[in-house]
>>> print(open('coords_35.tsv').read())   # TSV, C-alpha atoms and all ligand atoms
chain	number	residue	atom	x	y	z
A	25	MET	CA	-52.02	13.91	28.79
A	26	LEU	CA	-53.24	13.79	25.22
A	27	VAL	CA	-52.65	10.65	23.22
A	28	CYS	CA	-53.56	10.36	19.56
A	29	CYS	CA	-54.33	6.97	18.10
A	30	ASN	CA	-55.44	5.58	14.77
A	31	ARG	CA	-57.28	2.36	15.40
A	32	ASP	CA	-59.15	2.08	18.64
A	33	PHE	CA	-56.50	3.97	20.51
A	34	ARG	CA	-53.50	3.02	18.46
A	35	PRO	CA	-51.11	5.87	19.19
A	36	CYS	CA	-50.30	7.71	15.98
A	37	VAL	CA	-47.64	10.16	15.00
A	38	THR	CA	-49.89	12.90	13.72
A	39	GLY	CA	-49.85	14.93	16.90
A	40	PHE	CA	-53.55	15.49	16.47
A	41	PRO	CA	-55.39	15.38	19.76
A	42	GLY	CA	-57.48	12.24	19.98
A	43	PHE	CA	-58.66	11.36	23.40
A	44	ARG	CA	-58.00	12.77	26.83
A	45	LEU	CA	-56.97	10.04	29.22
A	46	SER	CA	-57.45	10.34	32.95
A	47	PRO	CA	-54.39	10.22	35.15
A	48	SER	CA	-54.20	6.64	36.33
A	49	LEU	CA	-54.04	5.42	39.90
A	50	PRO	CA	-51.34	3.00	41.03
A	51	MET	CA	-52.08	-0.54	39.94
A	52	ALA	CA	-53.31	-2.99	42.60
A	53	THR	CA	-50.84	-5.81	42.05
A	54	ALA	CA	-51.41	-7.83	45.22
A	55	SER	CA	-54.87	-9.26	44.39
A	56	PRO	CA	-55.49	-11.81	41.63
A	57	PRO	CA	-57.65	-10.62	38.72
A	58	LEU	CA	-61.37	-10.51	39.47
A	59	GLN	CA	-62.19	-13.25	36.98
A	60	SER	CA	-59.79	-15.71	38.58
A	61	ARG	CA	-61.16	-14.87	42.04
A	62	VAL	CA	-64.73	-15.40	40.85
A	63	GLY	CA	-63.63	-18.51	38.95
A	64	PHE	CA	-62.07	-19.89	42.15
A	65	LEU	CA	-65.28	-19.30	44.10
A	66	LEU	CA	-67.63	-20.67	41.45
A	67	ASN	CA	-65.22	-23.22	39.98
A	68	LEU	CA	-65.97	-22.05	36.44
A	69	THR	CA	-64.70	-19.60	33.88
A	70	VAL	CA	-67.16	-17.13	32.39
A	71	GLY	CA	-67.83	-18.05	28.75
A	72	GLU	CA	-67.33	-21.77	29.30
A	73	ASN	CA	-70.22	-24.17	29.00
A	74	MET	CA	-73.04	-22.94	31.20
A	75	ASP	CA	-75.71	-23.65	28.56
A	76	LEU	CA	-76.77	-20.00	28.69
A	77	LEU	CA	-77.90	-20.14	25.05
A	78	LYS	CA	-79.18	-23.71	24.82
A	79	GLY	CA	-81.72	-24.04	22.01
A	80	LYS	CA	-81.03	-20.53	20.65
A	81	LYS	CA	-79.93	-19.69	17.12
A	82	ALA	CA	-77.42	-16.89	16.55
A	83	LEU	CA	-76.05	-14.99	13.57
A	84	VAL	CA	-72.58	-13.50	14.10
A	85	THR	CA	-70.93	-11.38	11.40
A	86	GLY	CA	-67.13	-11.26	11.26
A	87	SER	CA	-66.85	-14.70	12.91
A	88	SER	CA	-63.61	-15.78	11.21
A	89	ARG	CA	-61.16	-14.11	13.58
A	90	GLY	CA	-60.65	-11.89	16.59
A	91	ILE	CA	-63.66	-10.78	18.59
A	92	GLY	CA	-66.26	-12.36	16.29
A	93	PHE	CA	-64.52	-15.73	16.45
A	94	GLU	CA	-64.49	-15.66	20.26
A	95	ILE	CA	-68.17	-14.67	20.31
A	96	ALA	CA	-69.08	-17.56	18.00
A	97	LYS	CA	-67.02	-19.94	20.17
A	98	ALA	CA	-68.60	-18.74	23.44
A	99	PHE	CA	-72.09	-19.00	21.95
A	100	LEU	CA	-71.43	-22.56	20.69
A	101	ALA	CA	-69.94	-23.54	24.05
A	102	ASN	CA	-73.17	-22.35	25.64
A	103	GLY	CA	-75.38	-24.46	23.40
A	104	ALA	CA	-76.35	-22.04	20.62
A	105	GLU	CA	-76.46	-23.03	16.97
A	106	VAL	CA	-74.39	-20.39	15.18
A	107	TRP	CA	-74.31	-19.01	11.64
A	108	GLY	CA	-71.04	-17.14	11.17
A	109	MET	CA	-70.41	-14.71	8.33
A	110	CYS	CA	-67.08	-13.65	6.82
A	111	THR	CA	-65.66	-12.97	3.37
A	112	HIS	CA	-64.14	-16.39	2.62
A	113	GLU	CA	-63.60	-19.80	4.22
A	114	SER	CA	-61.78	-19.19	7.49
A	115	LYS	CA	-58.93	-21.07	9.11
A	116	ASN	CA	-61.03	-21.28	12.29
A	117	LYS	CA	-64.02	-22.97	10.67
A	118	ALA	CA	-62.97	-26.49	11.70
A	119	LEU	CA	-62.32	-25.34	15.28
A	120	LEU	CA	-65.79	-23.81	15.56
A	121	GLU	CA	-67.35	-26.95	14.05
A	122	GLN	CA	-65.50	-29.00	16.66
A	123	THR	CA	-66.69	-26.75	19.49
A	124	ALA	CA	-70.21	-27.12	18.14
A	125	SER	CA	-70.07	-30.91	18.01
A	126	GLU	CA	-68.60	-31.10	21.54
A	127	ASN	CA	-71.60	-29.13	22.74
A	128	GLY	CA	-74.29	-30.96	20.80
A	129	THR	CA	-74.96	-28.12	18.37
A	130	ALA	CA	-73.86	-26.91	14.91
A	131	PHE	CA	-71.79	-24.16	13.30
A	132	HIS	CA	-72.49	-22.94	9.76
A	133	GLU	CA	-70.06	-20.59	8.05
A	134	PHE	CA	-71.31	-18.49	5.12
A	135	TYR	CA	-69.74	-15.81	2.98
A	136	ALA	CA	-70.75	-12.30	1.97
A	137	ASP	CA	-69.11	-8.91	1.58
A	138	ALA	CA	-70.71	-6.71	4.25
A	139	GLY	CA	-69.82	-3.71	2.10
A	140	ASN	CA	-71.95	-4.91	-0.81
A	141	ALA	CA	-75.59	-4.26	0.06
A	142	ASP	CA	-77.10	-6.58	-2.58
A	143	VAL	CA	-74.80	-9.51	-1.83
A	144	LEU	CA	-75.21	-9.06	1.93
A	145	THR	CA	-79.00	-8.80	1.79
A	146	ALA	CA	-79.33	-11.90	-0.40
A	147	ALA	CA	-77.02	-13.96	1.83
A	148	VAL	CA	-78.72	-12.96	5.08
A	149	LYS	CA	-82.19	-13.64	3.66
A	150	GLU	CA	-80.97	-17.08	2.61
A	151	VAL	CA	-79.57	-18.01	6.03
A	152	LEU	CA	-82.62	-16.57	7.77
A	153	ALA	CA	-84.82	-18.90	5.73
A	154	ALA	CA	-82.46	-21.87	6.27
A	155	SER	CA	-82.28	-21.31	10.03
A	156	GLY	CA	-85.95	-20.62	10.58
A	157	GLY	CA	-85.04	-17.32	12.30
A	158	PHE	CA	-82.50	-16.07	14.82
A	159	ASP	CA	-82.80	-15.42	18.55
A	160	VAL	CA	-79.52	-13.49	18.63
A	161	LEU	CA	-77.83	-11.24	16.07
A	162	VAL	CA	-74.31	-9.86	16.50
A	163	ASN	CA	-73.21	-7.24	13.97
A	164	ASN	CA	-69.46	-7.46	14.52
A	165	ALA	CA	-67.78	-7.28	11.08
A	166	GLY	CA	-65.67	-4.17	10.90
A	167	ILE	CA	-62.77	-2.52	9.11
A	168	THR	CA	-60.55	0.53	9.44
A	169	ARG	CA	-59.18	2.85	6.74
A	170	ASP	CA	-57.35	5.39	8.88
A	171	GLY	CA	-56.07	8.79	7.91
A	172	LEU	CA	-56.41	12.43	8.77
A	173	SER	CA	-59.74	13.82	7.63
A	174	PHE	CA	-58.31	16.45	5.28
A	175	ARG	CA	-56.39	13.73	3.41
A	176	MET	CA	-59.03	11.02	3.55
A	177	LYS	CA	-60.27	9.66	0.24
A	178	LYS	CA	-64.01	9.48	-0.14
A	179	GLU	CA	-63.74	5.77	-0.95
A	180	ASP	CA	-62.16	5.20	2.49
A	181	TRP	CA	-65.01	7.08	4.12
A	182	ASP	CA	-67.59	5.14	2.08
A	183	SER	CA	-66.13	1.66	2.63
A	184	VAL	CA	-65.86	2.07	6.42
A	185	LEU	CA	-69.39	3.44	6.70
A	186	ALA	CA	-70.69	0.66	4.43
A	187	VAL	CA	-69.06	-2.25	6.29
A	188	ASN	CA	-69.34	-0.93	9.85
A	189	LEU	CA	-72.68	0.89	9.84
A	190	THR	CA	-74.83	0.35	6.74
A	191	SER	CA	-74.34	-3.43	6.90
A	192	ALA	CA	-75.66	-3.45	10.49
A	193	PHE	CA	-78.73	-1.48	9.39
A	194	LEU	CA	-79.38	-3.90	6.50
A	195	VAL	CA	-78.91	-7.06	8.57
A	196	CYS	CA	-81.00	-5.66	11.43
A	197	GLN	CA	-83.78	-4.78	9.01
A	198	ILE	CA	-84.04	-8.38	7.80
A	199	VAL	CA	-83.45	-10.16	11.12
A	200	SER	CA	-85.38	-7.82	13.43
A	201	ASN	CA	-88.45	-8.06	11.23
A	202	ASP	CA	-88.54	-11.78	11.96
A	203	MET	CA	-87.75	-11.25	15.67
A	204	ILE	CA	-90.60	-8.74	15.93
A	205	HIS	CA	-93.06	-11.34	14.65
A	206	LYS	CA	-91.75	-13.84	17.20
A	207	LYS	CA	-91.80	-11.11	19.89
A	208	SER	CA	-88.32	-12.07	21.05
A	209	GLY	CA	-84.67	-11.44	20.19
A	210	SER	CA	-81.40	-9.86	21.21
A	211	ILE	CA	-79.36	-7.70	18.83
A	212	ILE	CA	-75.78	-6.77	19.70
A	213	ASN	CA	-73.91	-4.19	17.64
A	214	MET	CA	-70.12	-3.96	17.99
A	215	SER	CA	-69.27	-0.31	18.46
A	216	SER	CA	-66.03	1.02	19.94
A	217	ILE	CA	-64.80	3.36	22.61
A	218	VAL	CA	-63.94	5.79	19.79
A	219	GLY	CA	-67.63	5.84	18.85
A	220	LEU	CA	-68.21	7.49	22.23
A	221	HIS	CA	-65.13	9.70	22.49
A	222	GLY	CA	-63.85	10.17	18.92
A	223	ASN	CA	-60.27	9.70	17.78
A	224	GLY	CA	-57.92	11.75	15.62
A	225	GLY	CA	-57.01	9.91	12.42
A	226	GLN	CA	-60.24	7.92	12.49
A	227	VAL	CA	-63.07	10.25	11.53
A	228	ASN	CA	-64.63	7.59	9.29
A	229	TYR	CA	-64.28	4.75	11.81
A	230	SER	CA	-65.41	6.90	14.76
A	231	ALA	CA	-68.41	8.18	12.80
A	232	SER	CA	-69.40	4.61	11.90
A	233	LYS	CA	-69.11	3.45	15.51
A	234	GLY	CA	-70.86	6.51	16.93
A	235	GLY	CA	-73.56	6.05	14.30
A	236	LEU	CA	-73.96	2.47	15.40
A	237	ILE	CA	-74.68	3.61	18.95
A	238	ALA	CA	-77.31	6.16	17.85
A	239	PHE	CA	-78.80	3.59	15.46
A	240	SER	CA	-78.97	0.94	18.21
A	241	LYS	CA	-80.59	3.25	20.76
A	242	SER	CA	-83.18	4.32	18.18
A	243	LEU	CA	-83.90	0.74	17.12
A	244	ALA	CA	-84.19	-0.30	20.77
A	245	LYS	CA	-86.99	2.27	21.13
A	246	GLU	CA	-88.73	1.00	18.00
A	247	VAL	CA	-88.68	-2.71	18.79
A	248	GLY	CA	-88.63	-2.89	22.60
A	249	GLY	CA	-92.43	-3.12	22.76
A	250	ARG	CA	-92.22	-6.22	20.56
A	251	GLY	CA	-89.83	-8.06	22.88
A	252	VAL	CA	-86.64	-7.33	20.95
A	253	ARG	CA	-83.60	-5.90	22.75
A	254	VAL	CA	-80.81	-3.91	21.06
A	255	ASN	CA	-77.49	-3.10	22.75
A	256	CYS	CA	-73.95	-2.10	21.84
A	257	ILE	CA	-70.58	-3.23	23.09
A	258	ALA	CA	-67.83	-0.63	23.02
A	259	PRO	CA	-64.45	-2.40	23.26
A	260	GLY	CA	-61.31	-0.42	24.03
A	261	PHE	CA	-57.89	-1.71	22.99
A	262	ILE	CA	-58.28	-5.43	22.28
A	263	GLU	CA	-55.61	-7.90	21.11
A	264	THR	CA	-56.67	-9.10	17.65
A	265	ASP	CA	-55.11	-9.40	14.18
A	266	MET	CA	-55.47	-5.69	13.57
A	267	THR	CA	-53.92	-4.49	16.81
A	268	SER	CA	-51.13	-7.11	16.55
A	269	VAL	CA	-49.52	-4.98	13.83
A	270	LEU	CA	-48.80	-2.21	16.34
A	271	LYS	CA	-45.24	-1.41	17.20
A	272	GLU	CA	-44.24	-2.59	20.67
A	273	GLU	CA	-43.50	0.97	21.84
A	274	TYR	CA	-47.02	2.07	20.88
A	275	ARG	CA	-48.58	-0.92	22.60
A	276	LYS	CA	-46.64	-0.24	25.80
A	277	ALA	CA	-47.56	3.46	25.73
A	278	MET	CA	-51.19	2.58	25.22
A	279	GLU	CA	-51.27	-0.07	27.93
A	280	ALA	CA	-49.76	2.39	30.39
A	281	THR	CA	-52.76	4.70	29.90
A	282	ILE	CA	-55.35	1.98	30.54
A	283	PRO	CA	-56.58	1.87	34.14
A	284	LEU	CA	-56.32	-1.95	34.18
A	285	LYS	CA	-52.81	-1.62	32.66
A	286	ARG	CA	-53.18	-4.08	29.80
A	287	ALA	CA	-54.86	-4.64	26.46
A	288	GLY	CA	-58.11	-6.59	26.52
A	289	LYS	CA	-58.63	-10.08	25.15
A	290	ALA	CA	-61.21	-10.96	22.53
A	291	GLU	CA	-62.68	-13.54	24.98
A	292	GLU	CA	-63.37	-10.71	27.41
A	293	VAL	CA	-65.48	-8.94	24.79
A	294	ALA	CA	-67.18	-12.26	24.01
A	295	ASN	CA	-68.21	-12.58	27.66
A	296	ALA	CA	-70.12	-9.29	27.40
A	297	ALA	CA	-71.77	-10.54	24.20
A	298	LEU	CA	-72.73	-13.76	25.96
A	299	PHE	CA	-74.40	-11.76	28.74
A	300	LEU	CA	-76.31	-9.58	26.26
A	301	ALA	CA	-77.34	-12.58	24.16
A	302	SER	CA	-78.61	-14.58	27.13
A	303	ASP	CA	-81.63	-14.16	29.35
A	304	LEU	CA	-79.30	-12.84	32.07
A	305	SER	CA	-79.76	-9.45	30.38
A	306	VAL	CA	-83.50	-9.76	29.76
A	307	TYR	CA	-84.17	-6.23	31.15
A	308	VAL	CA	-81.22	-4.57	29.40
A	309	THR	CA	-81.80	-2.65	26.17
A	310	GLY	CA	-80.56	0.53	24.50
A	311	GLN	CA	-77.26	0.31	26.40
A	312	VAL	CA	-73.59	0.61	25.53
A	313	ILE	CA	-71.40	-1.75	27.54
A	314	GLY	CA	-67.77	-0.67	27.61
A	315	VAL	CA	-65.21	-3.51	27.65
A	316	ASP	CA	-62.17	-1.29	27.80
A	317	GLY	CA	-60.21	-1.84	31.01
A	318	GLY	CA	-61.48	1.52	32.20
A	319	MET	CA	-60.26	3.60	29.24
A	320	GLY	CA	-63.59	5.35	28.93
A	321	CYS	CA	-64.05	6.17	32.62
Z	401	LIG	N1	-59.67	-4.94	18.19
Z	401	LIG	C1	-60.01	-3.83	18.81
Z	401	LIG	O1	-59.21	-3.22	19.53
Z	401	LIG	C2	-61.41	-3.27	18.66
Z	401	LIG	C3	-61.79	-2.21	19.49
Z	401	LIG	C4	-63.07	-1.67	19.36
Z	401	LIG	C5	-63.96	-2.21	18.45
Z	401	LIG	N2	-63.58	-3.24	17.67
Z	401	LIG	C6	-64.57	-3.74	16.71
Z	401	LIG	O2	-64.79	-5.13	16.93
Z	401	LIG	C7	-65.13	-5.76	15.70
Z	401	LIG	C8	-64.18	-6.92	15.46
Z	401	LIG	O3	-62.85	-6.41	15.45
Z	401	LIG	P1	-61.57	-7.34	15.44
Z	401	LIG	O4	-60.48	-6.59	16.08
Z	401	LIG	O5	-61.92	-8.71	15.90
Z	401	LIG	O6	-61.25	-7.34	13.88
Z	401	LIG	P2	-60.51	-8.41	12.96
Z	401	LIG	O7	-59.69	-9.32	13.76
Z	401	LIG	O8	-59.87	-7.60	11.90
Z	401	LIG	O9	-61.75	-9.23	12.32
Z	401	LIG	C9	-62.65	-8.56	11.48
Z	401	LIG	C10	-63.77	-9.51	11.12
Z	401	LIG	O10	-64.69	-8.79	10.27
Z	401	LIG	C11	-64.82	-9.50	9.05
Z	401	LIG	N3	-64.97	-8.58	7.94
Z	401	LIG	C12	-64.19	-7.51	7.64
Z	401	LIG	N4	-64.63	-6.93	6.51
Z	401	LIG	C13	-65.69	-7.65	6.10
Z	401	LIG	C14	-66.56	-7.56	4.99
Z	401	LIG	N5	-66.43	-6.59	4.06
Z	401	LIG	N6	-67.56	-8.44	4.87
Z	401	LIG	C15	-67.71	-9.43	5.79
Z	401	LIG	N7	-66.92	-9.58	6.85
Z	401	LIG	C16	-65.92	-8.69	7.01
Z	401	LIG	C17	-63.53	-10.30	8.90
Z	401	LIG	O11	-63.75	-11.37	8.02
Z	401	LIG	P3	-62.57	-11.94	7.04
Z	401	LIG	O12	-61.69	-12.79	7.88
Z	401	LIG	O13	-63.30	-12.71	5.99
Z	401	LIG	O14	-61.86	-10.72	6.51
Z	401	LIG	C18	-63.30	-10.71	10.34
Z	401	LIG	O15	-64.09	-11.83	10.66
Z	401	LIG	C19	-65.03	-4.68	14.61
Z	401	LIG	O16	-66.31	-4.15	14.35
Z	401	LIG	C20	-64.14	-3.63	15.26
Z	401	LIG	O17	-64.39	-2.36	14.73
Z	401	LIG	C21	-62.33	-3.79	17.74
>>> encode(input="coords_35.tsv", output="structure tokens", more="lines below")
Ligand SMILES: NC(=O)c1ccc[n+]([C@@H]2O[C@H](COP(=O)([O-])OP(=O)(O)OC[C@H]3O[C@@H](n4cnc5c(N)ncnc54)[C@H](OP(=O)(O)O)[C@@H]3O)[C@@H](O)[C@H]2O)c1
Amino acid sequence: MLVCCNRDFRPCVTGFPGFRLSPSLPMATASPPLQSRVGFLLNLTVGENMDLLKGKKALVTGSSRGIGFEIAKAFLANGAEVWGMCTHESKNKALLEQTASENGTAFHEFYADAGNADVLTAAVKEVLAASGGFDVLVNNAGITRDGLSFRMKKEDWDSVLAVNLTSAFLVCQIVSNDMIHKKSGSIINMSSIVGLHGNGGQVNYSASKGGLIAFSKSLAKEVGGRGVRVNCIAPGFIETDMTSVLKEEYRKAMEATIPLKRAGKAEEVANAALFLASDLSVYVTGQVIGVDGGMGC
């Protein structure tokens, strides 16, 4: 079956082939989800306070909502001090500050347009100096400007590449330079399943996310010898502000094609980020971790 989508597997009406989905096997409904089984055995929920990042400092872009917000929250809950970037004061700022204070740490929100190289560079240099350097960097800020390639305006190509890819290069350049001197650090770049497989209606977005993977693998080779790790996360179809605008019929059609038969949650992507940020992944670099319910398999 061919399904065409326009934001991370949003089905679209273009009829353009996007991504070939494997025929799915019947769903195993009898067993509880893996996380609840593991949670029962260990009496904890992944992402809750395990102090995995105690004493570490993290910079997370796009921390105001969705996946970036959940990453910032999970990092704070695990003892990290977090600097979160977005475009303007977020409604979740107070919540993240509260999570920080409950865990004996601090959250600092700052503002910059990731699509404006000069503004972004100045802001990141300022927070780098204020923080004294980061142990973890998550380049998560992202946008979509969907449309078929033959109709796409150059400004929609440029803005998506600037926010999703060039901003990651610029922030990595500043932050990794400091990590290299300290011989330690973990960089996580938020790609997408469409960066691996492509998607009709999203040539700009897919190119930015595929570029992020190639960029991350190359950077991992450059900085690995200096103790810095670089990995990507490739989420599939995740419930956030952007995907909440989908029509119910599209959502249902999409969920039916996912091997785990549901959309993912932002917390589930945050759990992968927590693993990559922590010393649990100390021998993992240059990788792309899919958090996609099996969409990419
Ligand atoms: N949701 C999915 O299904 C999915 C799947 C695969 C990959 N992803 C990727 O995961 C990341 C997060 O996605 P999401 O669904 O959580 O998106 P979201 O809910 O729309 O949040 C986007 C975040 O990026 C920030 N941002 C956007 N443009 C920015 C700019 N020019 N400068 C600074 N910050 C900017 C937003 O800040 P403001 O609040 O200030 O606008 C917000 O914090 C993105 O890179 C996305 O491509 C998402």
>>> residues_near_ligand(input="coords_35.tsv", ligand="ligand LIG 401 (chain Z)", cutoff="8 Å", atoms="all atoms listed in the file", output="short mmCIF file (atom, residue, chain, number, x, y, z; two decimals) with C-alpha atoms, in the coordinates of the input")
data_model
loop_
_atom_site.label_atom_id
_atom_site.label_comp_id
_atom_site.auth_asym_id
_atom_site.auth_seq_id
_atom_site.Cartn_x
_atom_site.Cartn_y
_atom_site.Cartn_z
CA ARG A 31 -57.28 2.36 15.40
CA ASP A 32 -59.15 2.08 18.64
CA PHE A 33 -56.50 3.97 20.51
CA THR A 85 -70.93 -11.38 11.40
CA GLY A 86 -67.13 -11.26 11.26
CA SER A 87 -66.85 -14.70 12.91
CA SER A 88 -63.61 -15.78 11.21
CA ARG A 89 -61.16 -14.11 13.58
CA GLY A 90 -60.65 -11.89 16.59
CA ILE A 91 -63.66 -10.78 18.59
CA GLY A 92 -66.26 -12.36 16.29
CA PHE A 93 -64.52 -15.73 16.45
CA MET A 109 -70.41 -14.71 8.33
CA CYS A 110 -67.08 -13.65 6.82
CA THR A 111 -65.66 -12.97 3.37
CA HIS A 112 -64.14 -16.39 2.62
CA GLU A 113 -63.60 -19.80 4.22
CA SER A 114 -61.78 -19.19 7.49
CA TYR A 135 -69.74 -15.81 2.98
CA ALA A 136 -70.75 -12.30 1.97
CA ASP A 137 -69.11 -8.91 1.58
CA ALA A 138 -70.71 -6.71 4.25
CA GLY A 139 -69.82 -3.71 2.10
CA ASN A 140 -71.95 -4.91 -0.81
CA ASN A 163 -73.21 -7.24 13.97
CA ASN A 164 -69.46 -7.46 14.52
CA ALA A 165 -67.78 -7.28 11.08
CA GLY A 166 -65.67 -4.17 10.90
CA ILE A 167 -62.77 -2.52 9.11
CA THR A 168 -60.55 0.53 9.44
CA VAL A 187 -69.06 -2.25 6.29
CA ASN A 188 -69.34 -0.93 9.85
CA MET A 214 -70.12 -3.96 17.99
CA SER A 215 -69.27 -0.31 18.46
CA SER A 216 -66.03 1.02 19.94
CA ILE A 217 -64.80 3.36 22.61
CA VAL A 218 -63.94 5.79 19.79
CA TYR A 229 -64.28 4.75 11.81
CA LYS A 233 -69.11 3.45 15.51
CA ALA A 258 -67.83 -0.63 23.02
CA PRO A 259 -64.45 -2.40 23.26
CA GLY A 260 -61.31 -0.42 24.03
CA PHE A 261 -57.89 -1.71 22.99
CA ILE A 262 -58.28 -5.43 22.28
CA GLU A 263 -55.61 -7.90 21.11
CA THR A 264 -56.67 -9.10 17.65
CA ASP A 265 -55.11 -9.40 14.18
CA MET A 266 -55.47 -5.69 13.57
CA THR A 267 -53.92 -4.49 16.81
CA GLY A 288 -58.11 -6.59 26.52
CA ALA A 290 -61.21 -10.96 22.53
#
>>> atom_distance(input="coords_35.tsv", atom1="CA of Ile211 in chain A", atom2="CA of Ser302 in chain A")
10.8 Å
>>> axis_aligned_box(input="coords_35.tsv", around="range 158-169 of chain A", padding_each_side="4 Å", output="AutoDock Vina command-line options")
--center_x -71.0 --center_y -6.6 --center_z 12.7 --size_x 31.6 --size_y 26.9 --size_z 19.9
>>> atom_distance(input="coords_35.tsv", atom1="CA of Leu120 in chain A", atom2="CA of Glu105 in chain A")
10.8 Å
>>> atom_distance(input="coords_35.tsv", atom1="CA of Glu292 in chain A", atom2="CA of Asn228 in chain A")
25.8 Å
>>> closest_residue(input="coords_35.tsv", among="A:Asn201, A:Gln311, A:Asn295, A:Ser268", to="Gly157 in chain A", atoms="only C-alpha atoms")
A:Asn201
>>> residues_around(input="coords_35.tsv", residues="Asp303 in chain A", least_positions_apart="2", cutoff="12 Å", atoms="only C-alpha atoms", output="MDAnalysis selection string")
chainID A and resid 75:78 80 159:160 208:210 252:253 297:301 305:309
>>> closest_residue(input="coords_35.tsv", among="A:Ala186, A:Val315, A:Ala294, A:Cys321", to="Asp142 in chain A", atoms="all atoms listed in the file")
A:Ala186
>>> closest_residue(input="coords_35.tsv", among="A:Gly235, A:Gly317, A:Gly171, A:Gly108", to="Glu121 in chain A", atoms="all atoms listed in the file")
A:Gly108
>>> residues_around(input="coords_35.tsv", residues="Ser173 in chain A", least_positions_apart="6", cutoff="9 Å", atoms="all atoms listed in the file", output="MDAnalysis selection string")
chainID A and resid 224:228
>>> closest_residue(input="coords_35.tsv", among="A:Ile198, A:Ile95, A:Leu236, A:Ala118", to="Leu220 in chain A", atoms="all atoms listed in the file")
A:Leu236
>>> closest_residue(input="coords_35.tsv", among="A:Ser191, A:Gly251, A:Ile212, A:Lys285", to="Ile237 in chain A", atoms="only C-alpha atoms")
A:Ile212
>>> residues_around(input="coords_35.tsv", residues="Gly79 in chain A", least_positions_apart="6", cutoff="12 Å", atoms="only C-alpha atoms", output="list in words")
Phe99, Leu100, Ala101, Asn102, Gly103, Ala104, Glu105, Val106, Asn127, Gly128, Thr129, Ala130, Phe158, Asp159, Val160 and Ser302 of chain A
>>> closest_residue(input="coords_35.tsv", among="A:Lys271, A:Glu94, A:Met319, A:Ser183", to="Pro283 in chain A", atoms="all atoms listed in the file")
A:Met319
